[in-house]
Protein chains: 2
Amino acid sequence: MTYCIGLLLREGLVMIADSRTNAGVDNFSAYKKLHTLAHAPDRQIFACSSGSLSISQSVIGLVQEGLPAIESGEMNRTLMGASSMFRAAQLVGEAVQITNRTVGAALAAIHIDSSVSLLLGGRIGDAPPALYLIYSAGNFIECKSESPFLQIGETKYGKPILDRGVDFDMPIDEAVKIGFLSFDSAMRSNLGVARPLDMMAMRADPAVPILTHRIEPDDAYFNALSSTWSELLHRAIGAIPNPPFMEAWNE
Amino acid sequence: MTYCIGLLLREGLVMIADSRTNAGVDNFSAYKKLHTLAHAPDRQIFACSSGSLSISQSVIGLVQEGLPAIESGEMNRTLMGASSMFRAAQLVGEAVQITNRTVGAALAAIHIDSSVSLLLGGRIGDAPPALYLIYSAGNFIECKSESPFLQIGETKYGKPILDRGVDFDMPIDEAVKIGFLSFDSAMRSNLGVARPLDMMAMRADPAVPILTHRIEPDDAYFNALSSTWSELLHRAIGAIPNPPFMEAWNE
């Protein structure tokens, strides 16, 4: 299993990914799922991947090495040649489709699920940061301000806190904190999601360097966030009145 | 979609079910999913159902009308003849299997998913209340005090609050409140879960009558619970420090 989120705010872009990969519960290990796809003066592009590890590594590899040339003769089929984040999402979507037709078909023949989905985020040129979710068929959607986050993998446990807490106009560090609370819920409820967590944050202002950070299994800030959150939730539960229609029955 | 939970505490048993049934998003209606299967001096048995409405109605009908007689000649194949809640769970599981072989097979032939799952809770004789989850194959598990709740339907959104909040030794009315908070999360994140909610509560002390209650769409207590919870969550989020490693980057 896997859990990754992307948050697209007025202040910038955040992507967070866990690192647990497992085949069954007795064969698990840590793989980085937040990939740097381009890091050049005119473009910084990142991806998080979920699903079959062999498929997602093939997709990332294909995007980095370059897709096969097409009839029109276009040669530079890597993200370095993409003129916008939309074109970048198209290229990654095409890499998913190519991988589905080759490795995916071979796995399907032996009844192994090979679906994969990705978050693609970053900036090309002077355009503001953008965030896309690329589905297993290679189609994709773009994140918009009305619903300023996208998730892949084990998405449901950590969605209520994002639904309630994340807002396009909030400060970026507060959004990272809510992202971590979402991971805390997912990790409590599913053993297939686990630290280390990798994150990147990109300010809308292109002059600010990109921040990357890893939350290790013993990270003191995350431990404090998790235990304080538990305590505050218990206090919040206590502050809500019990059902009035049970009062008479309880006596 | 559907969401139902059962809570088994030292103080007693609680079952809560939503009532939304839908086929697609443009064909939905309210059906009661908390069924009274037996209400007699020596036994009170309730079930919540999730999945295909026609299958779950067939299962409930079969249990109430009586299962076909078996070779050993046993005649009273209803819950009135069950000597324990374990036997009751076996009977309901068998009703699921019979329905799968008949209606389920007909639906499978036209590629319609017909899986169904149920929570079965109640008491027979002097035994303490018991709670079972009956899967779509008719097999089942019993709820135990280490993990004092079971869920069916759209379970994930509302699981984190149950994981953190529910404890076998807590007062029964507080557990109902946490159950409602779990429904609040599920209803926010999935349109297929909606009020009215039906609930029953059974005290471990058999002398106390069973409490049943319906939370209507405009229920004032539930509305207050939902808005207070939102406000308390926002306050709790605010009380947690932002990531320290972002401080220098934010300046």
# chains A, B, ... in the order shown; residues from 1 in each chain; ligands from 1
>>> residues_around(residues="segment 216-224 of chain A", least_positions_apart="6", cutoff="9 Å", atoms="only C-alpha atoms", output="mmCIF file with C-alpha atoms, in the first residue's frame")
data_model
loop_
_atom_site.group_PDB
_atom_site.id
_atom_site.type_symbol
_atom_site.label_atom_id
_atom_site.label_comp_id
_atom_site.auth_asym_id
_atom_site.auth_seq_id
_atom_site.Cartn_x
_atom_site.Cartn_y
_atom_site.Cartn_z
ATOM 1 C CA PHE A 180 0.941 15.216 8.352
ATOM 2 C CA ASP A 184 -1.132 10.106 10.956
ATOM 3 C CA ALA A 194 4.446 4.079 7.176
ATOM 4 C CA ARG A 195 7.281 6.495 7.793
ATOM 5 C CA PRO A 196 9.754 7.629 6.535
ATOM 6 C CA LEU A 197 7.688 10.339 4.809
ATOM 7 C CA ASP A 198 9.244 12.430 2.059
ATOM 8 C CA ILE B 240 -0.426 22.074 17.045
ATOM 9 C CA PRO B 241 2.832 23.850 16.155
ATOM 10 C CA PRO B 243 6.713 22.188 11.227
ATOM 11 C CA PRO B 244 9.867 23.717 12.764
#
>>> residues_around(residues="segment 58-63 of chain A", least_positions_apart="6", cutoff="9 Å", atoms="only C-alpha atoms", output="list in words")
His35, Leu37, Ala47, Ser49, Arg77, Thr78, Leu79, Leu91, Val92, Ala95, Val96, Gln97, Ile98, Thr99 and Val103 of chain A
>>> write_last_selection(atoms="N, CA and C atoms", output="PDB file, in the first residue's frame")
ATOM      1  N   HIS A  35       9.621  11.353  -6.284  1.00  0.00           N
ATOM      2  CA  HIS A  35      10.707  11.357  -7.266  1.00  0.00           C
ATOM      3  C   HIS A  35      10.922  12.766  -7.816  1.00  0.00           C
ATOM      4  N   LEU A  37      11.749  14.603 -10.954  1.00  0.00           N
ATOM      5  CA  LEU A  37      11.800  14.279 -12.387  1.00  0.00           C
ATOM      6  C   LEU A  37      12.578  15.324 -13.179  1.00  0.00           C
ATOM      7  N   ALA A  47       7.172  13.838  -8.818  1.00  0.00           N
ATOM      8  CA  ALA A  47       6.061  12.882  -8.922  1.00  0.00           C
ATOM      9  C   ALA A  47       6.033  11.986  -7.699  1.00  0.00           C
ATOM     10  N   SER A  49       4.244   8.186  -6.620  1.00  0.00           N
ATOM     11  CA  SER A  49       3.648   7.047  -7.316  1.00  0.00           C
ATOM     12  C   SER A  49       3.000   6.089  -6.340  1.00  0.00           C
ATOM     13  N   ARG A  77      11.738  13.732 -26.277  1.00  0.00           N
ATOM     14  CA  ARG A  77      10.527  13.269 -25.603  1.00  0.00           C
ATOM     15  C   ARG A  77      10.784  13.041 -24.117  1.00  0.00           C
ATOM     16  N   THR A  78      11.377  14.008 -23.429  1.00  0.00           N
ATOM     17  CA  THR A  78      11.503  13.957 -21.972  1.00  0.00           C
ATOM     18  C   THR A  78      10.829  15.206 -21.409  1.00  0.00           C
ATOM     19  N   LEU A  79      10.805  15.304 -20.080  1.00  0.00           N
ATOM     20  CA  LEU A  79      10.175  16.480 -19.473  1.00  0.00           C
ATOM     21  C   LEU A  79      10.960  17.757 -19.760  1.00  0.00           C
ATOM     22  N   LEU A  91       2.785  13.724 -21.196  1.00  0.00           N
ATOM     23  CA  LEU A  91       3.930  12.845 -21.432  1.00  0.00           C
ATOM     24  C   LEU A  91       3.962  11.706 -20.407  1.00  0.00           C
ATOM     25  N   VAL A  92       3.721  12.040 -19.135  1.00  0.00           N
ATOM     26  CA  VAL A  92       3.733  11.001 -18.099  1.00  0.00           C
ATOM     27  C   VAL A  92       2.556  10.044 -18.320  1.00  0.00           C
ATOM     28  N   ALA A  95       3.538   7.701 -20.894  1.00  0.00           N
ATOM     29  CA  ALA A  95       4.481   6.701 -20.357  1.00  0.00           C
ATOM     30  C   ALA A  95       3.726   5.610 -19.602  1.00  0.00           C
ATOM     31  N   VAL A  96       2.651   5.998 -18.888  1.00  0.00           N
ATOM     32  CA  VAL A  96       1.823   4.995 -18.195  1.00  0.00           C
ATOM     33  C   VAL A  96       1.189   4.054 -19.218  1.00  0.00           C
ATOM     34  N   GLN A  97       0.667   4.624 -20.304  1.00  0.00           N
ATOM     35  CA  GLN A  97       0.010   3.792 -21.325  1.00  0.00           C
ATOM     36  C   GLN A  97       0.996   2.843 -22.001  1.00  0.00           C
ATOM     37  N   ILE A  98       2.197   3.343 -22.298  1.00  0.00           N
ATOM     38  CA  ILE A  98       3.217   2.479 -22.921  1.00  0.00           C
ATOM     39  C   ILE A  98       3.577   1.340 -21.970  1.00  0.00           C
ATOM     40  N   THR A  99       3.750   1.668 -20.686  1.00  0.00           N
ATOM     41  CA  THR A  99       4.122   0.635 -19.711  1.00  0.00           C
ATOM     42  C   THR A  99       2.985  -0.374 -19.531  1.00  0.00           C
ATOM     43  N   VAL A 103       4.857  -4.089 -19.889  1.00  0.00           N
ATOM     44  CA  VAL A 103       4.955  -4.797 -18.600  1.00  0.00           C
ATOM     45  C   VAL A 103       3.565  -5.133 -18.059  1.00  0.00           C
TER      46      VAL A 103
END
>>> interface_residues(of="chain A", to="chain B", cutoff="8 Å", atoms="only C-alpha atoms", output="VMD selection string")
chain A and resid 156 to 160 163 to 165 173 to 174 176 to 178 185 to 186 188 to 189 211 221 225 228 to 230 232 to 234 236 to 237 240 to 244 246 249 to 250
>>> write_last_selection(atoms="N, CA and C atoms", output="mmCIF file, in the first residue's frame")
data_model
loop_
_atom_site.group_PDB
_atom_site.id
_atom_site.type_symbol
_atom_site.label_atom_id
_atom_site.label_comp_id
_atom_site.auth_asym_id
_atom_site.auth_seq_id
_atom_site.Cartn_x
_atom_site.Cartn_y
_atom_site.Cartn_z
ATOM 1 N N LYS A 156 -8.681 7.042 1.897
ATOM 2 C CA LYS A 156 -9.906 7.365 2.635
ATOM 3 C C LYS A 156 -9.697 7.723 4.099
ATOM 4 N N TYR A 157 -8.812 6.993 4.796
ATOM 5 C CA TYR A 157 -8.645 7.275 6.224
ATOM 6 C C TYR A 157 -8.215 8.717 6.461
ATOM 7 N N GLY A 158 -7.368 9.240 5.577
ATOM 8 C CA GLY A 158 -6.827 10.581 5.789
ATOM 9 C C GLY A 158 -7.596 11.677 5.081
ATOM 10 N N LYS A 159 -8.748 11.349 4.450
ATOM 11 C CA LYS A 159 -9.468 12.379 3.701
ATOM 12 C C LYS A 159 -10.312 13.313 4.559
ATOM 13 N N PRO A 160 -11.003 12.806 5.621
ATOM 14 C CA PRO A 160 -11.836 13.733 6.400
ATOM 15 C C PRO A 160 -11.075 14.958 6.922
ATOM 16 N N ASP A 163 -10.533 17.297 4.019
ATOM 17 C CA ASP A 163 -11.814 17.916 3.643
ATOM 18 C C ASP A 163 -12.152 19.090 4.561
ATOM 19 N N ARG A 164 -11.889 18.901 5.847
ATOM 20 C CA ARG A 164 -12.256 19.938 6.807
ATOM 21 C C ARG A 164 -11.211 21.034 6.908
ATOM 22 N N GLY A 165 -9.926 20.644 6.796
ATOM 23 C CA GLY A 165 -8.886 21.579 7.201
ATOM 24 C C GLY A 165 -8.201 22.361 6.097
ATOM 25 N N ASP A 173 2.883 26.346 5.533
ATOM 26 C CA ASP A 173 3.385 25.471 6.609
ATOM 27 C C ASP A 173 2.234 24.873 7.415
ATOM 28 N N GLU A 174 1.118 25.610 7.492
ATOM 29 C CA GLU A 174 -0.042 25.046 8.176
ATOM 30 C C GLU A 174 -0.637 23.898 7.341
ATOM 31 N N VAL A 176 1.068 21.909 5.425
ATOM 32 C CA VAL A 176 1.963 20.759 5.626
ATOM 33 C C VAL A 176 1.591 20.040 6.922
ATOM 34 N N LYS A 177 1.329 20.814 7.957
ATOM 35 C CA LYS A 177 0.928 20.234 9.242
ATOM 36 C C LYS A 177 -0.351 19.401 9.093
ATOM 37 N N ILE A 178 -1.352 19.943 8.373
ATOM 38 C CA ILE A 178 -2.600 19.186 8.169
ATOM 39 C C ILE A 178 -2.335 17.947 7.318
ATOM 40 N N SER A 185 -3.502 9.705 10.481
ATOM 41 C CA SER A 185 -4.724 8.885 10.450
ATOM 42 C C SER A 185 -4.545 7.659 9.564
ATOM 43 N N ALA A 186 -3.948 7.850 8.391
ATOM 44 C CA ALA A 186 -3.773 6.726 7.468
ATOM 45 C C ALA A 186 -2.840 5.673 8.065
ATOM 46 N N ARG A 188 -2.270 5.044 11.244
ATOM 47 C CA ARG A 188 -2.890 4.347 12.370
ATOM 48 C C ARG A 188 -3.819 3.244 11.902
ATOM 49 N N SER A 189 -4.494 3.481 10.754
ATOM 50 C CA SER A 189 -5.541 2.554 10.331
ATOM 51 C C SER A 189 -5.054 1.534 9.310
ATOM 52 N N LEU A 211 11.981 23.434 -0.885
ATOM 53 C CA LEU A 211 12.324 22.767 0.375
ATOM 54 C C LEU A 211 12.007 21.283 0.252
ATOM 55 N N TYR A 221 9.333 15.869 15.905
ATOM 56 C CA TYR A 221 8.188 16.741 15.613
ATOM 57 C C TYR A 221 6.953 15.909 15.270
ATOM 58 N N LEU A 225 3.433 15.747 17.184
ATOM 59 C CA LEU A 225 2.203 16.054 16.455
ATOM 60 C C LEU A 225 1.179 14.929 16.653
ATOM 61 N N THR A 228 0.026 14.799 20.472
ATOM 62 C CA THR A 228 -0.782 15.975 20.815
ATOM 63 C C THR A 228 -2.148 15.888 20.126
ATOM 64 N N TRP A 229 -2.148 15.432 18.876
ATOM 65 C CA TRP A 229 -3.394 15.321 18.123
ATOM 66 C C TRP A 229 -4.351 14.344 18.804
ATOM 67 N N SER A 230 -3.817 13.198 19.237
ATOM 68 C CA SER A 230 -4.633 12.206 19.947
ATOM 69 C C SER A 230 -5.258 12.821 21.190
ATOM 70 N N LEU A 232 -5.710 16.048 21.882
ATOM 71 C CA LEU A 232 -6.678 17.101 21.551
ATOM 72 C C LEU A 232 -7.993 16.505 21.048
ATOM 73 N N LEU A 233 -7.906 15.401 20.290
ATOM 74 C CA LEU A 233 -9.134 14.746 19.823
ATOM 75 C C LEU A 233 -9.932 14.213 21.011
ATOM 76 N N HIS A 234 -9.229 13.586 21.951
ATOM 77 C CA HIS A 234 -9.935 13.080 23.126
ATOM 78 C C HIS A 234 -10.600 14.219 23.897
ATOM 79 N N ALA A 236 -11.570 17.066 22.588
ATOM 80 C CA ALA A 236 -12.676 17.561 21.770
ATOM 81 C C ALA A 236 -13.893 16.641 21.910
ATOM 82 N N ILE A 237 -13.637 15.340 21.907
ATOM 83 C CA ILE A 237 -14.738 14.378 22.101
ATOM 84 C C ILE A 237 -15.418 14.649 23.439
ATOM 85 N N ILE A 240 -17.946 17.595 23.636
ATOM 86 C CA ILE A 240 -19.250 17.503 22.962
ATOM 87 C C ILE A 240 -20.236 16.796 23.888
ATOM 88 N N PRO A 241 -21.428 17.357 24.054
ATOM 89 C CA PRO A 241 -22.395 16.723 24.971
ATOM 90 C C PRO A 241 -22.818 15.339 24.475
ATOM 91 N N ASN A 242 -23.069 14.437 25.420
ATOM 92 C CA ASN A 242 -23.601 13.124 25.051
ATOM 93 C C ASN A 242 -25.035 13.266 24.563
ATOM 94 N N PRO A 243 -25.548 12.260 23.834
ATOM 95 C CA PRO A 243 -26.898 12.380 23.267
ATOM 96 C C PRO A 243 -27.953 12.623 24.347
ATOM 97 N N PRO A 244 -28.722 13.705 24.228
ATOM 98 C CA PRO A 244 -29.712 14.039 25.260
ATOM 99 C C PRO A 244 -30.807 12.969 25.367
ATOM 100 N N MET A 246 -30.498 9.951 25.464
ATOM 101 C CA MET A 246 -30.077 8.793 26.244
ATOM 102 C C MET A 246 -30.058 9.083 27.742
ATOM 103 N N TRP A 249 -32.676 7.227 29.881
ATOM 104 C CA TRP A 249 -32.408 5.781 29.768
ATOM 105 C C TRP A 249 -31.221 5.377 30.620
ATOM 106 N N ASN A 250 -30.278 6.325 30.779
ATOM 107 C CA ASN A 250 -29.048 6.040 31.505
ATOM 108 C C ASN A 250 -29.238 6.019 33.021
#
>>> atom_distance(atom1="atom CA of Ile152 of chain A", atom2="atom CA of Val166 of chain B")
28.1 Å
>>> residues_around(residues="Ser50 of chain A", least_positions_apart="2", cutoff="12 Å", atoms="only C-alpha atoms", output="PyMOL selection string")
chain A and resi 1-5+17-22+31-35+47-48+52-57+59-60+114-120+133-136+151-155+192-193
>>> write_last_selection(atoms="C-alpha atoms", output="PDB file, in the first residue's frame")
ATOM      1  CA  MET A   1       0.000   0.000   0.000  1.00  0.00           C
ATOM      2  CA  THR A   2       0.941   3.658  -0.285  1.00  0.00           C
ATOM      3  CA  TYR A   3      -0.375   7.058   0.625  1.00  0.00           C
ATOM      4  CA  CYS A   4       0.578  10.298  -1.146  1.00  0.00           C
ATOM      5  CA  ILE A   5      -1.004  13.736  -1.141  1.00  0.00           C
ATOM      6  CA  ALA A  17       4.612  10.529   0.206  1.00  0.00           C
ATOM      7  CA  ASP A  18       5.107   7.603   2.530  1.00  0.00           C
ATOM      8  CA  SER A  19       7.703   4.971   1.681  1.00  0.00           C
ATOM      9  CA  ARG A  20       6.236   1.570   2.515  1.00  0.00           C
ATOM     10  CA  THR A  21       6.103  -1.048  -0.198  1.00  0.00           C
ATOM     11  CA  ASN A  22       4.717  -4.459   0.514  1.00  0.00           C
ATOM     12  CA  TYR A  31      11.181   2.751  -1.224  1.00  0.00           C
ATOM     13  CA  LYS A  32      11.181   6.455  -1.862  1.00  0.00           C
ATOM     14  CA  LYS A  33       7.939   7.333  -3.685  1.00  0.00           C
ATOM     15  CA  LEU A  34       8.604  11.055  -4.114  1.00  0.00           C
ATOM     16  CA  HIS A  35      10.707  11.357  -7.266  1.00  0.00           C
ATOM     17  CA  ALA A  47       6.061  12.882  -8.922  1.00  0.00           C
ATOM     18  CA  CYS A  48       4.634  10.559  -6.280  1.00  0.00           C
ATOM     19  CA  SER A  52       2.729  -1.789  -8.584  1.00  0.00           C
ATOM     20  CA  LEU A  53       6.343  -0.860  -7.778  1.00  0.00           C
ATOM     21  CA  SER A  54       7.730  -2.421 -10.965  1.00  0.00           C
ATOM     22  CA  ILE A  55       5.231  -0.519 -13.118  1.00  0.00           C
ATOM     23  CA  SER A  56       5.794   2.816 -11.402  1.00  0.00           C
ATOM     24  CA  GLN A  57       9.581   2.424 -11.636  1.00  0.00           C
ATOM     25  CA  VAL A  59       7.044   4.711 -15.886  1.00  0.00           C
ATOM     26  CA  ILE A  60       9.505   6.980 -14.046  1.00  0.00           C
ATOM     27  CA  SER A 114      -0.480  -3.773 -12.392  1.00  0.00           C
ATOM     28  CA  SER A 115      -2.389  -0.548 -12.009  1.00  0.00           C
ATOM     29  CA  VAL A 116      -0.476   2.554 -11.021  1.00  0.00           C
ATOM     30  CA  SER A 117      -1.407   6.163 -10.342  1.00  0.00           C
ATOM     31  CA  LEU A 118       0.751   9.238  -9.905  1.00  0.00           C
ATOM     32  CA  LEU A 119       0.697  12.762  -8.599  1.00  0.00           C
ATOM     33  CA  LEU A 120       2.687  15.117 -10.814  1.00  0.00           C
ATOM     34  CA  LEU A 133      -3.391  13.219 -10.737  1.00  0.00           C
ATOM     35  CA  ILE A 134      -2.564  10.675 -13.449  1.00  0.00           C
ATOM     36  CA  TYR A 135      -4.822   7.604 -13.384  1.00  0.00           C
ATOM     37  CA  SER A 136      -3.909   4.053 -14.266  1.00  0.00           C
ATOM     38  CA  GLN A 151      -4.543  11.962  -3.075  1.00  0.00           C
ATOM     39  CA  ILE A 152      -3.435   8.541  -4.335  1.00  0.00           C
ATOM     40  CA  GLY A 153      -3.138   5.142  -2.639  1.00  0.00           C
ATOM     41  CA  GLU A 154      -4.866   4.516   0.703  1.00  0.00           C
ATOM     42  CA  THR A 155      -6.807   7.777   0.488  1.00  0.00           C
ATOM     43  CA  GLY A 192       0.694  -0.524   4.637  1.00  0.00           C
ATOM     44  CA  VAL A 193       1.338   3.197   5.144  1.00  0.00           C
TER      45      VAL A 193
END
>>> closest_residue(among="B:Gln90, B:Ile45, B:Gly138, B:Ala38", to="Glu65 of chain B", atoms="only C-alpha atoms")
B:Ala38
>>> closest_residue(among="B:Asn27, B:Asn100, B:Gln44, B:Ser145", to="Met80 of chain B", atoms="only C-alpha atoms")
B:Gln44
>>> atom_distance(atom1="atom CA of Ile124 of chain B", atom2="atom CA of His39 of chain B")
10.2 Å
>>> select_by_dssp(residues="segment 148-241 of chain B", states="helix (DSSP H, G or I)", output="compact mmCIF listing (two decimals) with C-alpha atoms, in the first residue's frame")
# COMPACT_ATOMS: atom_id res chain seq x y z
CA LYS B 159 -12.61 4.48 11.12
CA PRO B 160 -9.86 6.79 12.48
CA ILE B 161 -12.18 8.35 15.08
CA LEU B 162 -13.36 4.90 16.20
CA ASP B 163 -9.75 3.62 16.35
CA ARG B 164 -8.80 6.50 18.61
CA GLY B 165 -11.94 7.02 20.61
CA ILE B 172 -22.43 3.65 26.44
CA ASP B 173 -23.76 7.16 25.73
CA GLU B 174 -20.25 8.44 25.07
CA ALA B 175 -19.71 5.57 22.64
CA VAL B 176 -22.92 6.55 20.80
CA LYS B 177 -21.57 10.09 20.52
CA ILE B 178 -18.29 8.82 19.00
CA GLY B 179 -20.32 6.61 16.67
CA PHE B 180 -22.17 9.74 15.48
CA LEU B 181 -18.83 11.54 14.93
CA SER B 182 -17.75 8.58 12.80
CA PHE B 183 -20.96 8.94 10.75
CA ASP B 184 -20.34 12.67 10.44
CA SER B 185 -16.94 11.97 8.80
CA ALA B 186 -18.39 9.33 6.48
CA MET B 187 -21.30 11.57 5.43
CA ARG B 188 -18.98 14.51 4.69
CA SER B 189 -16.75 12.43 2.43
CA ALA B 220 -30.80 19.52 16.29
CA TYR B 221 -28.44 17.43 18.45
CA PHE B 222 -26.69 15.94 15.43
CA ASN B 223 -26.40 19.35 13.74
CA ALA B 224 -24.82 20.80 16.88
CA LEU B 225 -22.49 17.80 17.21
CA SER B 226 -21.36 18.22 13.61
CA SER B 227 -20.70 21.96 13.78
CA THR B 228 -19.08 21.83 17.24
CA TRP B 229 -16.85 19.00 16.07
CA SER B 230 -15.73 21.03 13.04
CA GLU B 231 -14.94 24.01 15.24
CA LEU B 232 -13.06 21.90 17.82
CA LEU B 233 -11.04 20.21 15.07
CA HIS B 234 -10.04 23.58 13.65
CA ARG B 235 -9.04 24.72 17.12
CA ALA B 236 -7.05 21.51 17.67
CA ILE B 237 -5.28 21.97 14.32
CA GLY B 238 -4.43 25.52 15.37
CA ALA B 239 -3.02 24.32 18.71
>>> select_by_dssp(residues="segment 5-227 of chain A", states="strand (DSSP E or B)", output="count of residues only")
68
>>> decode(residues="segment 106-125 of chain B", atoms="N, CA and C atoms", output="PDB file, in the first residue's frame")
ATOM      1  N   ALA B 106     -28.298 -15.396 -10.186  1.00  0.00           N
ATOM      2  CA  ALA B 106     -29.024 -14.758 -11.295  1.00  0.00           C
ATOM      3  C   ALA B 106     -28.431 -13.387 -11.602  1.00  0.00           C
ATOM      4  N   LEU B 107     -28.062 -12.655 -10.557  1.00  0.00           N
ATOM      5  CA  LEU B 107     -27.451 -11.338 -10.767  1.00  0.00           C
ATOM      6  C   LEU B 107     -26.049 -11.474 -11.356  1.00  0.00           C
ATOM      7  N   ALA B 108     -25.298 -12.448 -10.861  1.00  0.00           N
ATOM      8  CA  ALA B 108     -23.931 -12.645 -11.364  1.00  0.00           C
ATOM      9  C   ALA B 108     -23.968 -12.941 -12.864  1.00  0.00           C
ATOM     10  N   ALA B 109     -25.018 -13.642 -13.304  1.00  0.00           N
ATOM     11  CA  ALA B 109     -25.130 -13.999 -14.727  1.00  0.00           C
ATOM     12  C   ALA B 109     -25.266 -12.762 -15.605  1.00  0.00           C
ATOM     13  N   ILE B 110     -25.799 -11.686 -15.052  1.00  0.00           N
ATOM     14  CA  ILE B 110     -25.869 -10.446 -15.832  1.00  0.00           C
ATOM     15  C   ILE B 110     -24.853  -9.423 -15.315  1.00  0.00           C
ATOM     16  N   HIS B 111     -23.808  -9.916 -14.659  1.00  0.00           N
ATOM     17  CA  HIS B 111     -22.645  -9.107 -14.228  1.00  0.00           C
ATOM     18  C   HIS B 111     -23.014  -7.982 -13.266  1.00  0.00           C
ATOM     19  N   ILE B 112     -23.972  -8.253 -12.386  1.00  0.00           N
ATOM     20  CA  ILE B 112     -24.298  -7.279 -11.346  1.00  0.00           C
ATOM     21  C   ILE B 112     -23.785  -7.807 -10.014  1.00  0.00           C
ATOM     22  N   ASP B 113     -23.036  -6.961  -9.333  1.00  0.00           N
ATOM     23  CA  ASP B 113     -22.475  -7.354  -8.040  1.00  0.00           C
ATOM     24  C   ASP B 113     -23.607  -7.541  -7.041  1.00  0.00           C
ATOM     25  N   SER B 114     -23.604  -8.659  -6.361  1.00  0.00           N
ATOM     26  CA  SER B 114     -24.699  -8.945  -5.435  1.00  0.00           C
ATOM     27  C   SER B 114     -24.181  -9.231  -4.032  1.00  0.00           C
ATOM     28  N   SER B 115     -22.995  -8.740  -3.723  1.00  0.00           N
ATOM     29  CA  SER B 115     -22.461  -9.069  -2.402  1.00  0.00           C
ATOM     30  C   SER B 115     -23.187  -8.270  -1.326  1.00  0.00           C
ATOM     31  N   VAL B 116     -23.240  -8.838  -0.160  1.00  0.00           N
ATOM     32  CA  VAL B 116     -23.959  -8.248   0.955  1.00  0.00           C
ATOM     33  C   VAL B 116     -23.182  -8.579   2.229  1.00  0.00           C
ATOM     34  N   SER B 117     -23.193  -7.678   3.198  1.00  0.00           N
ATOM     35  CA  SER B 117     -22.617  -8.037   4.495  1.00  0.00           C
ATOM     36  C   SER B 117     -23.543  -7.488   5.571  1.00  0.00           C
ATOM     37  N   LEU B 118     -23.484  -8.088   6.740  1.00  0.00           N
ATOM     38  CA  LEU B 118     -24.419  -7.725   7.805  1.00  0.00           C
ATOM     39  C   LEU B 118     -23.704  -7.629   9.145  1.00  0.00           C
ATOM     40  N   LEU B 119     -24.221  -6.765   9.999  1.00  0.00           N
ATOM     41  CA  LEU B 119     -23.883  -6.813  11.420  1.00  0.00           C
ATOM     42  C   LEU B 119     -25.065  -7.462  12.117  1.00  0.00           C
ATOM     43  N   LEU B 120     -24.791  -8.404  12.984  1.00  0.00           N
ATOM     44  CA  LEU B 120     -25.841  -9.074  13.737  1.00  0.00           C
ATOM     45  C   LEU B 120     -25.532  -8.896  15.216  1.00  0.00           C
ATOM     46  N   GLY B 121     -26.457  -8.301  15.940  1.00  0.00           N
ATOM     47  CA  GLY B 121     -26.191  -8.053  17.347  1.00  0.00           C
ATOM     48  C   GLY B 121     -27.407  -8.342  18.195  1.00  0.00           C
ATOM     49  N   GLY B 122     -27.173  -8.670  19.455  1.00  0.00           N
ATOM     50  CA  GLY B 122     -28.303  -8.884  20.346  1.00  0.00           C
ATOM     51  C   GLY B 122     -27.973  -9.840  21.465  1.00  0.00           C
ATOM     52  N   ARG B 123     -29.035 -10.379  22.040  1.00  0.00           N
ATOM     53  CA  ARG B 123     -28.878 -11.241  23.213  1.00  0.00           C
ATOM     54  C   ARG B 123     -29.903 -12.362  23.150  1.00  0.00           C
ATOM     55  N   ILE B 124     -29.494 -13.550  23.563  1.00  0.00           N
ATOM     56  CA  ILE B 124     -30.411 -14.681  23.708  1.00  0.00           C
ATOM     57  C   ILE B 124     -30.286 -15.191  25.137  1.00  0.00           C
ATOM     58  N   GLY B 125     -31.423 -15.277  25.840  1.00  0.00           N
ATOM     59  CA  GLY B 125     -31.432 -15.772  27.212  1.00  0.00           C
ATOM     60  C   GLY B 125     -30.651 -14.853  28.134  1.00  0.00           C
TER      61      GLY B 125
END
